[in-house]
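Asks: For reference, the file query.cif (mmCIF, C-alpha atoms) is included below:
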```cif
data_protein
loop_
_atom_site.group_PDB
_atom_site.id
_atom_site.type_symbol
_atom_site.label_atom_id
_atom_site.label_comp_id
_atom_site.auth_asym_id
_atom_site.auth_seq_id
_atom_site.Cartn_x
_atom_site.Cartn_y
_atom_site.Cartn_z
ATOM 1 C CA MET A 48 -7.017 -23.930 88.139
ATOM 2 C CA ARG A 49 -8.599 -26.766 90.127
ATOM 3 C CA GLU A 50 -11.490 -27.046 87.660
ATOM 4 C CA ALA A 51 -9.047 -27.492 84.777
ATOM 5 C CA MET A 52 -7.241 -30.248 86.686
ATOM 6 C CA VAL A 53 -10.489 -32.096 87.382
ATOM 7 C CA THR A 54 -11.567 -31.753 83.751
ATOM 8 C CA ARG A 55 -8.222 -33.090 82.533
ATOM 9 C CA PHE A 56 -8.420 -35.988 85.011
ATOM 10 C CA VAL A 57 -11.916 -36.907 83.802
ATOM 11 C CA TRP A 58 -10.796 -36.855 80.143
ATOM 12 C CA VAL A 59 -7.737 -38.984 80.887
ATOM 13 C CA MET A 60 -9.732 -41.544 82.879
ATOM 14 C CA SER A 61 -12.402 -41.688 80.173
ATOM 15 C CA ALA A 62 -9.761 -42.309 77.512
ATOM 16 C CA ILE A 63 -8.157 -45.046 79.620
ATOM 17 C CA ILE A 64 -11.513 -46.783 80.121
ATOM 18 C CA VAL A 65 -12.376 -46.609 76.413
ATOM 19 C CA LEU A 66 -8.945 -47.922 75.418
ATOM 20 C CA ALA A 67 -9.213 -50.727 77.964
ATOM 21 C CA CYS A 68 -12.593 -51.775 76.562
ATOM 22 C CA VAL A 69 -11.335 -51.698 72.980
ATOM 23 C CA GLY A 70 -8.197 -53.597 73.964
ATOM 24 C CA TRP A 71 -10.242 -56.217 75.803
ATOM 25 C CA ALA A 72 -12.542 -56.686 72.806
ATOM 26 C CA VAL A 73 -9.595 -57.159 70.447
ATOM 27 C CA LEU A 74 -7.845 -59.499 72.872
ATOM 28 C CA VAL A 75 -10.925 -61.688 73.262
ATOM 29 C CA GLN A 76 -11.377 -61.906 69.488
ATOM 30 C CA VAL A 77 -7.758 -62.986 69.025
ATOM 31 C CA ILE A 78 -7.305 -65.349 71.981
ATOM 32 C CA VAL A 79 -10.663 -67.119 72.283
ATOM 33 C CA PRO A 80 -10.892 -69.795 69.589
ATOM 34 C CA ASP A 81 -13.955 -70.266 67.452
ATOM 35 C CA ALA A 82 -16.125 -73.009 68.974
ATOM 36 C CA CYS A 83 -16.946 -74.308 65.500
ATOM 37 C CA THR A 84 -13.318 -75.332 64.990
ATOM 38 C CA TYR A 85 -13.431 -77.972 67.744
ATOM 39 C CA ASP A 86 -14.004 -81.625 66.945
ATOM 40 C CA PRO A 87 -16.184 -82.741 68.656
ATOM 41 C CA PRO A 88 -18.007 -79.475 69.314
ATOM 42 C CA PRO A 89 -18.238 -78.399 72.980
ATOM 43 C CA ALA A 90 -21.405 -78.729 75.042
ATOM 44 C CA ASN A 91 -24.083 -76.178 74.144
ATOM 45 C CA ALA A 92 -22.663 -76.019 70.602
ATOM 46 C CA GLN A 93 -26.156 -76.722 69.304
ATOM 47 C CA TYR A 94 -26.837 -73.028 69.869
ATOM 48 C CA LEU A 95 -24.119 -72.097 67.377
ATOM 49 C CA HIS A 96 -24.756 -71.991 63.660
ATOM 50 C CA CYS A 97 -21.609 -73.519 62.222
ATOM 51 C CA ASP A 98 -21.616 -73.760 58.459
#
```
So that I can check it, write out the structure of this file as structure tokens.

Replies:
Amino acid sequence: MREAMVTRFVWVMSAIIVLACVGWAVLVQVIVPDACTYDPPPANAQYLHCD
């Protein structure tokens, strides 16, 4: 019984961590603006390849 509880806990925590990482990646893509859209470009923009 205890082994099943531990296994379930590990699966739930793993799913939460994966969902948090995916959510963070999506959030960053949506919220952080593209540096190439700024005028003038920010410092260190020379490292970007804006076409």

Asks: Could you jot down the CA of Ile78 (chain A) to CA of Leu66 (chain A) separation for me, Å, one decimal place?

Replies: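 The value is 17.8 Å.
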
Asks: Interatomic distance between CA of Asp81 (chain A) and CA of Ala67 (chain A)?

Replies: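 Distance between the two atoms: 22.7 Å.
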
Asks: Have a look at CA of Ala62 (chain A) and CA of Val79 (chain A) and let me know their distance in Å, one decimal.

Replies: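 CA of Ala62 (chain A) sits 25.4 Å away from CA of Val79 (chain A).
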